[in-house]
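Listing of my_file_37.pdb, PDB, C-alpha atoms
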ATOM      1  CA  MET A  18       0.000   0.000   0.000
ATOM      2  CA  SER A  19       2.821   2.369  -0.784
ATOM      3  CA  ALA A  20       0.611   4.863  -2.605
ATOM      4  CA  GLY A  21      -2.158   4.701  -0.026
ATOM      5  CA  ARG A  22      -5.711   3.513  -0.216
ATOM      6  CA  LEU A  23      -8.553   5.485  -1.815
ATOM      7  CA  ALA A  24     -11.560   6.441   0.305
ATOM      8  CA  LEU A  25     -14.694   8.526  -0.048
ATOM      9  CA  VAL A  26     -15.964  10.851   2.671
ATOM     10  CA  GLY A  27     -19.625  11.772   2.992
ATOM     11  CA  CYS A  28     -20.764  14.843   4.931
ATOM     12  CA  TYR A  29     -23.898  16.614   6.004
ATOM     13  CA  THR A  30     -24.012  19.749   3.894
ATOM     14  CA  THR A  31     -25.383  23.238   3.447
ATOM     15  CA  GLN A  32     -26.403  24.022  -0.130
ATOM     16  CA  GLY A  33     -24.361  21.170  -1.548
ATOM     17  CA  ALA A  34     -20.998  21.964   0.057
ATOM     18  CA  PRO A  35     -18.679  20.277   0.766
ATOM     19  CA  GLY A  36     -20.552  17.199  -0.466
ATOM     20  CA  LEU A  37     -18.720  14.018  -1.431
ATOM     21  CA  GLN A  38     -14.921  14.024  -1.163
ATOM     22  CA  SER A  39     -12.222  11.597  -2.249
ATOM     23  CA  VAL A  40      -9.052  11.192  -0.189
ATOM     24  CA  ARG A  41      -5.927   9.044  -0.219
ATOM     25  CA  VAL A  42      -5.171   7.295   3.072
ATOM     26  CA  ARG A  43      -1.409   7.366   3.466
ATOM     27  CA  PRO A  44       0.348   4.517   5.315
ATOM     28  CA  GLY A  45       1.109   6.799   8.270
ATOM     29  CA  GLY A  46      -2.555   7.758   8.621
ATOM     30  CA  ASP A  47      -2.608  11.158   6.914
ATOM     31  CA  LEU A  48      -5.532  11.856   4.571
ATOM     32  CA  GLU A  49      -4.639  13.556   1.301
ATOM     33  CA  PRO A  50      -7.565  15.447  -0.287
ATOM     34  CA  LEU A  51      -8.115  14.622  -3.968
ATOM     35  CA  ASP A  52     -11.467  15.771  -5.367
ATOM     36  CA  VAL A  53     -14.840  17.156  -4.280
ATOM     37  CA  LEU A  54     -18.277  16.753  -5.824
ATOM     38  CA  ALA A  55     -20.995  19.067  -4.497
ATOM     39  CA  MET A  56     -24.262  17.370  -3.559
ATOM     40  CA  GLU A  57     -26.783  17.486  -0.747
ATOM     41  CA  SER A  58     -25.941  15.546   2.409
ATOM     42  CA  PRO A  59     -24.274  12.338   1.137
ATOM     43  CA  SER A  60     -24.567  10.825   4.614
ATOM     44  CA  CYS A  61     -23.864   7.187   3.652
ATOM     45  CA  VAL A  62     -21.519   6.022   0.876
ATOM     46  CA  VAL A  63     -21.265   2.469  -0.470
ATOM     47  CA  TRP A  64     -19.262   0.939  -3.301
ATOM     48  CA  HIS A  65     -20.504  -1.209  -6.173
ATOM     49  CA  PRO A  66     -19.256  -4.798  -5.648
ATOM     50  CA  SER A  67     -17.299  -4.945  -8.918
ATOM     51  CA  LEU A  68     -17.212  -1.500 -10.572
ATOM     52  CA  PRO A  69     -15.367   1.748  -9.708
ATOM     53  CA  VAL A  70     -18.732   3.284  -8.833
ATOM     54  CA  ALA A  71     -19.993   4.528  -5.479
ATOM     55  CA  TYR A  72     -23.467   5.496  -4.295
ATOM     56  CA  ALA A  73     -24.257   8.274  -1.843
ATOM     57  CA  THR A  74     -27.556   8.633  -0.030
ATOM     58  CA  ASN A  75     -28.793  12.212  -0.260
ATOM     59  CA  GLU A  76     -30.374  12.524   3.176
ATOM     60  CA  THR A  77     -32.908  15.224   2.398
ATOM     61  CA  ALA A  78     -36.656  15.468   2.932
ATOM     62  CA  GLU A  79     -37.280  14.438  -0.677
ATOM     63  CA  GLY A  80     -34.616  11.715  -0.606
ATOM     64  CA  GLY A  81     -32.419  10.300  -3.341
ATOM     65  CA  ILE A  82     -29.199   8.552  -4.248
ATOM     66  CA  THR A  83     -26.363   9.784  -6.442
ATOM     67  CA  ALA A  84     -24.055   7.432  -8.335
ATOM     68  CA  VAL A  85     -20.460   8.541  -8.896
ATOM     69  CA  VAL A  86     -17.660   7.111 -11.049
ATOM     70  CA  VAL A  87     -14.309   7.198  -9.253
ATOM     71  CA  ASP A  88     -11.082   7.036 -11.287
ATOM     72  CA  ASP A  89      -7.709   5.773 -10.079
ATOM     73  CA  ALA A  90      -6.596   9.292  -9.149
ATOM     74  CA  GLY A  91      -9.701   9.862  -7.040
ATOM     75  CA  GLY A  92     -11.480  11.987  -9.630
ATOM     76  CA  LEU A  93     -15.261  12.063  -9.167
ATOM     77  CA  ARG A  94     -17.781  12.115 -12.019
ATOM     78  CA  PRO A  95     -21.570  11.978 -11.500
ATOM     79  CA  LEU A  96     -23.198   8.976 -13.179
ATOM     80  CA  GLY A  97     -26.850   9.428 -12.337
ATOM     81  CA  THR A  98     -29.472   9.863  -9.648
ATOM     82  CA  ALA A  99     -32.671   8.185  -8.508
ATOM     83  CA  PRO A 100     -35.372   9.175  -6.000
ATOM     84  CA  THR A 101     -35.958   7.325  -2.734
ATOM     85  CA  GLY A 102     -38.194   7.783   0.262
ATOM     86  CA  GLY A 103     -37.563  10.634   2.688
ATOM     87  CA  SER A 104     -34.171  10.978   4.407
ATOM     88  CA  PRO A 105     -32.343   7.837   3.243
ATOM     89  CA  CYS A 106     -29.682   7.257   5.895
ATOM     90  CA  HIS A 107     -28.212   3.946   4.711
ATOM     91  CA  ALA A 108     -27.812   2.037   1.447
ATOM     92  CA  ALA A 109     -26.618  -1.356   0.276
ATOM     93  CA  VAL A 110     -25.941  -2.942  -3.108
ATOM     94  CA  THR A 111     -26.756  -6.599  -3.681
ATOM     95  CA  ALA A 112     -23.825  -8.926  -4.385
ATOM     96  CA  ASP A 113     -24.797  -9.298  -8.061
ATOM     97  CA  GLY A 114     -24.751  -5.502  -8.537
ATOM     98  CA  ARG A 115     -28.299  -5.501  -9.873
ATOM     99  CA  TRP A 116     -30.128  -3.688  -7.075
ATOM    100  CA  LEU A 117     -29.534  -0.887  -4.586
ATOM    101  CA  LEU A 118     -31.697  -0.537  -1.487
ATOM    102  CA  THR A 119     -32.048   2.411   0.885
ATOM    103  CA  ALA A 120     -33.325   2.733   4.447
ATOM    104  CA  ASP A 121     -35.550   5.821   4.355
ATOM    105  CA  TYR A 122     -35.543   7.145   7.920
ATOM    106  CA  THR A 123     -38.301   9.771   7.844
ATOM    107  CA  GLY A 124     -40.095   8.099   4.960
ATOM    108  CA  GLY A 125     -40.490   4.921   7.013
ATOM    109  CA  SER A 126     -39.765   2.817   3.967
ATOM    110  CA  VAL A 127     -37.263   0.721   2.030
ATOM    111  CA  SER A 128     -36.628   1.803  -1.567
ATOM    112  CA  LEU A 129     -35.393  -0.480  -4.345
ATOM    113  CA  VAL A 130     -33.417   1.016  -7.246
ATOM    114  CA  GLU A 131     -32.436  -0.909 -10.362
ATOM    115  CA  LEU A 132     -28.786  -0.620 -11.474
ATOM    116  CA  GLY A 133     -27.553  -0.980 -15.045
ATOM    117  CA  PRO A 134     -24.525  -3.044 -16.171
ATOM    118  CA  ASP A 135     -22.331   0.066 -15.836
ATOM    119  CA  GLY A 136     -23.722   0.872 -12.395
ATOM    120  CA  THR A 137     -26.102   3.596 -13.552
ATOM    121  CA  PRO A 138     -29.224   3.887 -11.356
ATOM    122  CA  HIS A 139     -32.165   3.476 -13.715
ATOM    123  CA  ALA A 140     -35.181   4.039 -11.509
ATOM    124  CA  ARG A 141     -36.804   3.346  -8.192
ATOM    125  CA  VAL A 142     -38.783   0.239  -9.033
ATOM    126  CA  ASP A 143     -40.447  -0.482  -5.700
ATOM    127  CA  THR A 144     -41.002   0.912  -2.198
ATOM    128  CA  LEU A 145     -41.965  -1.114   0.848
ATOM    129  CA  ALA A 146     -43.502   0.717   3.801
ATOM    130  CA  MET A 147     -42.386  -0.379   7.257
ATOM    131  CA  VAL A 148     -44.982  -0.191  10.037
ATOM    132  CA  GLY A 149     -44.918  -0.064  13.814
ATOM    133  CA  SER A 150     -43.772   2.078  16.709
ATOM    134  CA  GLY A 151     -42.029   1.776  20.066
ATOM    135  CA  PRO A 152     -42.104   3.106  23.622
ATOM    136  CA  VAL A 153     -39.612   5.979  23.152
ATOM    137  CA  ALA A 154     -42.060   8.699  22.198
ATOM    138  CA  ASP A 155     -39.714  11.177  20.530
ATOM    139  CA  ARG A 156     -37.839   8.582  18.448
ATOM    140  CA  GLN A 157     -40.278   5.702  17.938
ATOM    141  CA  GLU A 158     -43.523   7.389  16.949
ATOM    142  CA  GLN A 159     -43.392   5.479  13.641
ATOM    143  CA  ALA A 160     -41.162   3.151  11.682
ATOM    144  CA  HIS A 161     -37.657   4.532  11.110
ATOM    145  CA  PRO A 162     -35.525   2.170   8.989
ATOM    146  CA  HIS A 163     -31.864   2.793   9.770
ATOM    147  CA  MET A 164     -29.904   0.090   7.937
ATOM    148  CA  ILE A 165     -30.158  -2.333   5.047
ATOM    149  CA  ALA A 166     -27.883  -5.363   5.444
ATOM    150  CA  THR A 167     -27.442  -7.721   2.502
ATOM    151  CA  ASP A 168     -25.267 -10.443   4.013
ATOM    152  CA  VAL A 169     -26.487 -11.385   7.494
ATOM    153  CA  LEU A 170     -26.169 -15.070   8.434
ATOM    154  CA  GLY A 171     -25.130 -16.236   5.008
ATOM    155  CA  GLY A 172     -27.153 -13.906   2.854
ATOM    156  CA  LEU A 173     -30.264 -12.619   4.633
ATOM    157  CA  LEU A 174     -31.417  -9.217   3.383
ATOM    158  CA  ILE A 175     -32.504  -7.367   6.522
ATOM    159  CA  CYS A 176     -34.034  -3.972   7.267
ATOM    160  CA  VAL A 177     -33.146  -2.697  10.745
ATOM    161  CA  ASP A 178     -36.001  -0.516  12.018
ATOM    162  CA  LEU A 179     -35.107   1.798  14.905
ATOM    163  CA  GLY A 180     -38.678   3.061  15.201
ATOM    164  CA  SER A 181     -40.459  -0.245  15.710
ATOM    165  CA  ASP A 182     -37.750  -2.352  17.443
ATOM    166  CA  ARG A 183     -37.884  -4.836  14.572
ATOM    167  CA  LEU A 184     -35.630  -6.706  12.177
ATOM    168  CA  THR A 185     -37.320  -7.602   8.884
ATOM    169  CA  SER A 186     -35.922  -9.980   6.280
ATOM    170  CA  LEU A 187     -36.762  -9.021   2.702
ATOM    171  CA  ALA A 188     -36.744 -10.680  -0.703
ATOM    172  CA  ILE A 189     -36.512  -9.214  -4.219
ATOM    173  CA  SER A 190     -38.322 -10.864  -7.119
ATOM    174  CA  ASP A 191     -36.805 -11.007 -10.607
ATOM    175  CA  ARG A 192     -39.222  -8.262 -11.605
ATOM    176  CA  GLY A 193     -37.997  -5.971  -8.855
ATOM    177  CA  GLU A 194     -40.735  -6.429  -6.298
ATOM    178  CA  LEU A 195     -39.919  -6.147  -2.602
ATOM    179  CA  ARG A 196     -41.661  -8.414  -0.138
ATOM    180  CA  THR A 197     -41.399  -9.203   3.553
ATOM    181  CA  GLU A 198     -40.162 -12.670   4.492
ATOM    182  CA  HIS A 199     -40.007 -12.617   8.305
ATOM    183  CA  THR A 200     -40.013 -10.111  11.143
ATOM    184  CA  TRP A 201     -38.296 -10.466  14.518
ATOM    185  CA  ARG A 202     -39.154  -8.285  17.514
ATOM    186  CA  LEU A 203     -36.424  -6.969  19.791
ATOM    187  CA  PRO A 204     -36.866  -5.811  23.416
ATOM    188  CA  PRO A 205     -39.018  -2.637  23.540
ATOM    189  CA  GLY A 206     -36.968   0.540  23.444
ATOM    190  CA  THR A 207     -33.888  -1.092  21.889
ATOM    191  CA  GLY A 208     -33.999   1.273  18.921
ATOM    192  CA  PRO A 209     -31.864  -0.996  16.705
ATOM    193  CA  ARG A 210     -29.500   0.868  14.407
ATOM    194  CA  GLN A 211     -27.214  -1.739  12.825
ATOM    195  CA  ILE A 212     -26.793  -5.503  12.469
ATOM    196  CA  VAL A 213     -23.853  -7.747  11.517
ATOM    197  CA  THR A 214     -23.176 -11.459  11.611
ATOM    198  CA  HIS A 215     -21.548 -12.722  14.801
ATOM    199  CA  PRO A 216     -18.156 -14.365  14.155
ATOM    200  CA  ASP A 217     -19.759 -17.716  15.069
ATOM    201  CA  GLY A 218     -21.725 -17.498  11.812
ATOM    202  CA  ALA A 219     -24.906 -18.724  13.509
ATOM    203  CA  THR A 220     -26.100 -15.647  15.398
ATOM    204  CA  ALA A 221     -26.215 -11.899  14.828
ATOM    205  CA  LEU A 222     -25.011  -8.796  16.657
ATOM    206  CA  VAL A 223     -27.363  -5.827  16.912
ATOM    207  CA  LEU A 224     -26.497  -2.320  18.073
ATOM    208  CA  GLY A 225     -29.296  -0.650  20.052
ATOM    209  CA  GLU A 226     -29.034   3.110  19.653
ATOM    210  CA  LEU A 227     -31.782   3.982  22.134
ATOM    211  CA  SER A 228     -30.877   1.335  24.724
ATOM    212  CA  ALA A 229     -27.126   1.985  24.265
ATOM    213  CA  THR A 230     -26.497  -1.752  24.212
ATOM    214  CA  LEU A 231     -24.820  -4.419  22.107
ATOM    215  CA  LEU A 232     -26.962  -7.534  21.709
ATOM    216  CA  GLN A 233     -26.209 -11.045  20.471
ATOM    217  CA  VAL A 234     -29.392 -12.526  19.041
ATOM    218  CA  GLY A 235     -30.624 -15.691  17.406
ATOM    219  CA  LEU A 236     -32.970 -15.325  14.442
ATOM    220  CA  GLY A 237     -35.161 -18.406  14.260
ATOM    221  CA  ASP A 238     -38.714 -19.191  13.197
ATOM    222  CA  ALA A 239     -40.328 -17.375  16.125
ATOM    223  CA  ASP A 240     -41.531 -13.790  15.938
ATOM    224  CA  GLU A 241     -39.132 -12.645  18.662
ATOM    225  CA  ALA A 242     -35.361 -12.586  18.349
ATOM    226  CA  VAL A 243     -33.703 -14.700  21.025
ATOM    227  CA  VAL A 244     -31.446 -12.445  23.084
ATOM    228  CA  LEU A 245     -28.379 -14.486  24.035
ATOM    229  CA  ALA A 246     -26.335 -11.624  25.522
ATOM    230  CA  GLU A 247     -26.766  -7.874  26.051
ATOM    231  CA  VAL A 248     -24.115  -5.473  27.343
ATOM    232  CA  PRO A 249     -23.764  -1.678  27.571
ATOM    233  CA  SER A 250     -22.108  -0.112  24.535
ATOM    234  CA  THR A 251     -19.896   1.992  26.821
ATOM    235  CA  THR A 252     -18.572   1.978  30.365
ATOM    236  CA  ARG A 253     -18.574   5.796  30.508
ATOM    237  CA  ALA A 254     -21.084   7.742  32.607
ATOM    238  CA  GLU A 255     -22.305  10.042  29.813
ATOM    239  CA  ARG A 256     -25.535   9.213  27.991
ATOM    240  CA  ALA A 257     -24.576   7.350  24.837
ATOM    241  CA  LEU A 258     -26.112   7.061  21.394
ATOM    242  CA  PRO A 259     -24.034   4.313  19.752
ATOM    243  CA  ALA A 260     -23.713   4.642  16.001
ATOM    244  CA  GLN A 261     -21.406   2.212  14.181
ATOM    245  CA  LEU A 262     -21.034  -1.560  14.600
ATOM    246  CA  THR A 263     -18.220  -3.466  12.884
ATOM    247  CA  VAL A 264     -16.716  -6.927  13.223
ATOM    248  CA  HIS A 265     -12.993  -6.921  12.480
ATOM    249  CA  ASP A 266     -10.785  -9.999  12.872
ATOM    250  CA  ASP A 267     -13.153 -11.651  15.373
ATOM    251  CA  LEU A 268     -13.496  -8.574  17.564
ATOM    252  CA  VAL A 269     -16.376  -6.110  17.667
ATOM    253  CA  LEU A 270     -15.958  -2.327  17.493
ATOM    254  CA  VAL A 271     -18.671   0.168  18.454
ATOM    255  CA  SER A 272     -18.655   3.974  18.306
ATOM    256  CA  ASN A 273     -20.409   5.888  21.092
ATOM    257  CA  ARG A 274     -21.714   9.397  20.518
ATOM    258  CA  GLY A 275     -21.906  11.331  23.775
ATOM    259  CA  PRO A 276     -18.953   9.651  25.495
ATOM    260  CA  ASP A 277     -17.205  10.080  22.101
ATOM    261  CA  THR A 278     -15.398   6.754  22.281
ATOM    262  CA  VAL A 279     -14.795   3.569  20.345
ATOM    263  CA  ALA A 280     -15.277   0.424  22.415
ATOM    264  CA  VAL A 281     -13.949  -3.052  21.589
ATOM    265  CA  PHE A 282     -15.719  -6.267  22.603
ATOM    266  CA  ASP A 283     -14.697  -9.927  22.509
ATOM    267  CA  PRO A 284     -17.562 -11.963  20.962
ATOM    268  CA  GLY A 285     -15.749 -15.155  21.902
ATOM    269  CA  THR A 286     -16.837 -14.629  25.498
ATOM    270  CA  PRO A 287     -20.393 -15.509  26.617
ATOM    271  CA  ALA A 288     -20.960 -12.026  28.032
ATOM    272  CA  LEU A 289     -19.400 -10.075  25.129
ATOM    273  CA  ALA A 290     -16.626  -8.799  27.377
ATOM    274  CA  GLN A 291     -15.396  -5.288  26.676
ATOM    275  CA  VAL A 292     -11.622  -5.302  26.190
ATOM    276  CA  ALA A 293     -10.943  -1.639  25.385
ATOM    277  CA  GLU A 294     -12.545   1.798  25.118
ATOM    278  CA  VAL A 295     -10.780   5.005  24.128
ATOM    279  CA  PRO A 296     -11.765   8.571  23.192
ATOM    280  CA  THR A 297     -11.743   9.261  19.462
ATOM    281  CA  GLY A 298     -10.195  12.706  19.891
ATOM    282  CA  GLY A 299     -13.220  14.408  18.356
ATOM    283  CA  ARG A 300     -16.939  14.816  19.033
ATOM    284  CA  TRP A 301     -19.923  12.674  17.979
ATOM    285  CA  PRO A 302     -18.290   9.673  16.224
ATOM    286  CA  ARG A 303     -20.944   8.687  13.693
ATOM    287  CA  HIS A 304     -19.042   6.208  11.512
ATOM    288  CA  PHE A 305     -15.614   4.645  11.273
ATOM    289  CA  ALA A 306     -13.615   2.461   8.912
ATOM    290  CA  VAL A 307     -10.873  -0.051   9.710
ATOM    291  CA  ALA A 308      -7.953  -0.939   7.446
ATOM    292  CA  ASP A 309      -4.227  -1.602   7.504
ATOM    293  CA  GLY A 310      -3.791  -0.990  11.229
ATOM    294  CA  LEU A 311      -5.757   2.270  11.112
ATOM    295  CA  LEU A 312      -9.095   3.367  12.523
ATOM    296  CA  LEU A 313     -10.640   6.301  10.615
ATOM    297  CA  VAL A 314     -13.383   7.953  12.673
ATOM    298  CA  SER A 315     -15.914  10.464  11.340
ATOM    299  CA  ASP A 316     -16.450  12.867  14.238
ATOM    300  CA  GLU A 317     -19.451  14.810  13.001
ATOM    301  CA  ASP A 318     -19.718  17.589  15.580
ATOM    302  CA  SER A 319     -16.011  18.460  15.648
ATOM    303  CA  SER A 320     -15.910  18.410  11.808
ATOM    304  CA  THR A 321     -12.890  16.111  11.841
ATOM    305  CA  ILE A 322     -11.811  12.662  10.768
ATOM    306  CA  GLU A 323      -9.473  11.272  13.391
ATOM    307  CA  THR A 324      -7.025   8.516  12.428
ATOM    308  CA  LEU A 325      -6.114   6.263  15.349
ATOM    309  CA  GLU A 326      -3.511   3.540  15.481
ATOM    310  CA  LEU A 327      -5.015   0.058  15.815
ATOM    311  CA  GLY A 328      -2.430  -2.140  17.496
ATOM    312  CA  ALA A 329      -1.698  -5.815  16.944
ATOM    313  CA  ASP A 330      -3.589  -6.688  20.134
ATOM    314  CA  TYR A 331      -6.452  -4.367  19.152
ATOM    315  CA  GLU A 332      -5.255  -1.660  21.446
ATOM    316  CA  LEU A 333      -6.581   1.647  20.188
ATOM    317  CA  GLY A 334      -3.492   3.799  20.390
ATOM    318  CA  ARG A 335      -2.340   7.293  19.684
ATOM    319  CA  ARG A 336      -3.965   9.649  17.241
ATOM    320  CA  LEU A 337      -1.947   9.709  14.039
ATOM    321  CA  SER A 338      -3.679  12.519  12.176
ATOM    322  CA  ARG A 339      -6.685  14.842  12.039
ATOM    323  CA  PHE A 340      -8.439  15.795   8.798
ATOM    324  CA  ALA A 341     -10.764  18.806   8.888
ATOM    325  CA  THR A 342     -14.006  18.668   6.897
ATOM    326  CA  SER A 343     -17.512  19.907   7.627
ATOM    327  CA  ALA A 344     -19.769  17.460   9.520
ATOM    328  CA  PRO A 345     -18.362  14.149   8.237
ATOM    329  CA  THR A 346     -20.757  11.218   8.529
ATOM    330  CA  TRP A 347     -19.114   8.351   6.576
ATOM    331  CA  VAL A 348     -15.746   7.019   5.425
ATOM    332  CA  ALA A 349     -15.990   4.427   2.647
ATOM    333  CA  LEU A 350     -12.697   2.678   1.848
ATOM    334  CA  GLN A 351     -12.425   1.392  -1.705
ATOM    335  CA  PRO A 352     -12.649  -2.421  -1.657
TER
END
Represent the structure of the file as structure tokens.
Amino acid sequence: MSAGRLALVGCYTTQGAPGLQSVRVRPGGDLEPLDVLAMESPSCVVWHPSLPVAYATNETAEGGITAVVVDDAGGLRPLGTAPTGGSPCHAAVTADGRWLLTADYTGGSVSLVELGPDGTPHARVDTLAMVGSGPVADRQEQAHPHMIATDVLGGLLICVDLGSDRLTSLAISDRGELRTEHTWRLPPGTGPRQIVTHPDGATALVLGELSATLLQVGLGDADEAVVLAEVPSTTRAERALPAQLTVHDDLVLVSNRGPDTVAVFDPGTPALAQVAEVPTGGRWPRHFAVADGLLLVSDEDSSTIETLELGADYELGRRLSRFATSAPTWVALQP
């Protein structure tokens, strides 16, 4: 990695600036700015599985996604757009590159967009409304999808709904029709934000934003998820709103807004033992990326991306660099 790895940075914006940015991640952790493409609030950025194309959710009231071609030098060229439901906060592309799905937070829906052979978004072909509510009045008055996961437990396509405390598996027909396969209820007030497969391959890990907990769950035939373990997302006293959940080399990393930390858990222990927790160096860590011994943290409220050293024993070490950019929400490393 002598030249450094390419990454895209999404930000909340005002009138399209700064929008989507490309950077080069240098081996020592510095971020080198390359190009900028103005657009409204590209809050989540995902890559096409096989093409040099990325997709940004435009988290606005109207909602949409923007496709961008990225060249080897980090140059950004718009490829096309498609509408979604209101405030899409997360997106995922299916493994075959045929479909893109968005979690529409205020729209309370999942949108399905068809992608062409070159990655161009053709149209929104279907929308599936999520229903339900939860006990936290100011956050769970309706369904609020917060994540679309395409690869849980060997390939389940799951919508994580913060508003209704539910996980819903979905299916896509050849004609581009979305349908519900199964729904699992989580404990009331969990406010699930993200889901990943547990390293055991048989269970899942869920991050509860409203409960500030990390849960290990089984997803069987019943209507309720089986909670096998549940631990606080932080050991700090401040109220936490955890944001990002990632499994990396059989350990689990969680960002905590409020305490402004990243915590590390050992899923090999029955109680999901926490093994580390350190401040990010900025404020409101919304998203992070892990690669090549580095942890890149998007600290939204301090308008910085902090690069931390990730040690061989998963010790989160010293801060290596700080990159200033307005309200960063996502760092998407090129696969």
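Between Val130 (chain A) and the residues A:Ser181, A:Gln159, A:Thr83, A:Ser320, the shortest atom-to-atom distance, using all atoms listed in the file, involves A:Thr83.
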Each region 26-86 of chain A residue no farther than 10 Å from region 309-315 of chain A, nearest pair in Å, only C-alpha atoms, as JSON lines:
{"residue": "A:Val26", "atom": "CA", "partner": "A:Ser315", "partner_atom": "CA", "distance": 8.7}
{"residue": "A:Gly27", "atom": "CA", "partner": "A:Ser315", "partner_atom": "CA", "distance": 9.2}
{"residue": "A:Cys28", "atom": "CA", "partner": "A:Ser315", "partner_atom": "CA", "distance": 9.2}
{"residue": "A:Val42", "atom": "CA", "partner": "A:Leu313", "partner_atom": "CA", "distance": 9.4}
{"residue": "A:Pro44", "atom": "CA", "partner": "A:Asp309", "partner_atom": "CA", "distance": 7.9}
{"residue": "A:Gly45", "atom": "CA", "partner": "A:Leu311", "partner_atom": "CA", "distance": 8.7}
{"residue": "A:Gly46", "atom": "CA", "partner": "A:Leu311", "partner_atom": "CA", "distance": 6.8}
{"residue": "A:Leu48", "atom": "CA", "partner": "A:Leu313", "partner_atom": "CA", "distance": 9.7}
Keeping only C-alpha atoms, take the residues you just selected and write them out as an mmCIF file, keeping the file's coordinate frame.
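out13.cif written:
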data_model
loop_
_atom_site.group_PDB
_atom_site.id
_atom_site.type_symbol
_atom_site.label_atom_id
_atom_site.label_comp_id
_atom_site.auth_asym_id
_atom_site.auth_seq_id
_atom_site.Cartn_x
_atom_site.Cartn_y
_atom_site.Cartn_z
ATOM 1 C CA VAL A 26 -15.964 10.851 2.671
ATOM 2 C CA GLY A 27 -19.625 11.772 2.992
ATOM 3 C CA CYS A 28 -20.764 14.843 4.931
ATOM 4 C CA VAL A 42 -5.171 7.295 3.072
ATOM 5 C CA PRO A 44 0.348 4.517 5.315
ATOM 6 C CA GLY A 45 1.109 6.799 8.270
ATOM 7 C CA GLY A 46 -2.555 7.758 8.621
ATOM 8 C CA LEU A 48 -5.532 11.856 4.571
#
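Using only C-alpha atoms, the nearest neighbour of Ala219 (chain A) within the list A:Gly180, A:Gly171, A:Ala257, A:Ala246 is A:Gly171.
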Matched chain/residue IDs from the PyMOL selection byres ((chain A and resi 344) around 7), as a PyMOL selection string
chain A and resi 28-29+317-318+320+342-343+345-346
Carefully work through the PyMOL selection byres ((chain A and resi 112) around 9) for this structure and note down the residues it includes, as an MDAnalysis selection string.
chainID A and resid 65:67 110:111 113:116 167:168
For the PyMOL selection byres ((chain A and resi 348) around 7), applied here, can you spell out every residue it catches as a PDB file with C-alpha atoms, keeping the file's coordinate frame?
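Generated file (selection22.pdb):
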ATOM      1  CA  ALA A  24     -11.560   6.441   0.305  1.00  0.00           C
ATOM      2  CA  LEU A  25     -14.694   8.526  -0.048  1.00  0.00           C
ATOM      3  CA  VAL A  26     -15.964  10.851   2.671  1.00  0.00           C
ATOM      4  CA  GLY A  27     -19.625  11.772   2.992  1.00  0.00           C
ATOM      5  CA  HIS A 304     -19.042   6.208  11.512  1.00  0.00           C
ATOM      6  CA  PHE A 305     -15.614   4.645  11.273  1.00  0.00           C
ATOM      7  CA  ALA A 306     -13.615   2.461   8.912  1.00  0.00           C
ATOM      8  CA  SER A 315     -15.914  10.464  11.340  1.00  0.00           C
ATOM      9  CA  TRP A 347     -19.114   8.351   6.576  1.00  0.00           C
ATOM     10  CA  ALA A 349     -15.990   4.427   2.647  1.00  0.00           C
ATOM     11  CA  LEU A 350     -12.697   2.678   1.848  1.00  0.00           C
TER      12      LEU A 350
END
Hey, can you pull every residue with an atom no more than 10 Å from (-28.8, 0.6, -7.0), using only C-alpha atoms, and send it as a PyMOL selection string?
chain A and resi 65+71-72+82-84+98-99+108-111+114-119+128-133+136-141
Would you mind reading off the distance between CA of Thr263 (chain A) and CA of Ala20 (chain A), one decimal, in Å?
25.8 Å
When distances are computed from all atoms listed in the file, which of A:Gly125, A:Pro100, A:Pro249, A:Gly172 shows the smallest separation from Glu158 (chain A)?
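Counting all atoms listed in the file, the residue closest to Glu158 (chain A) is A:Gly125.
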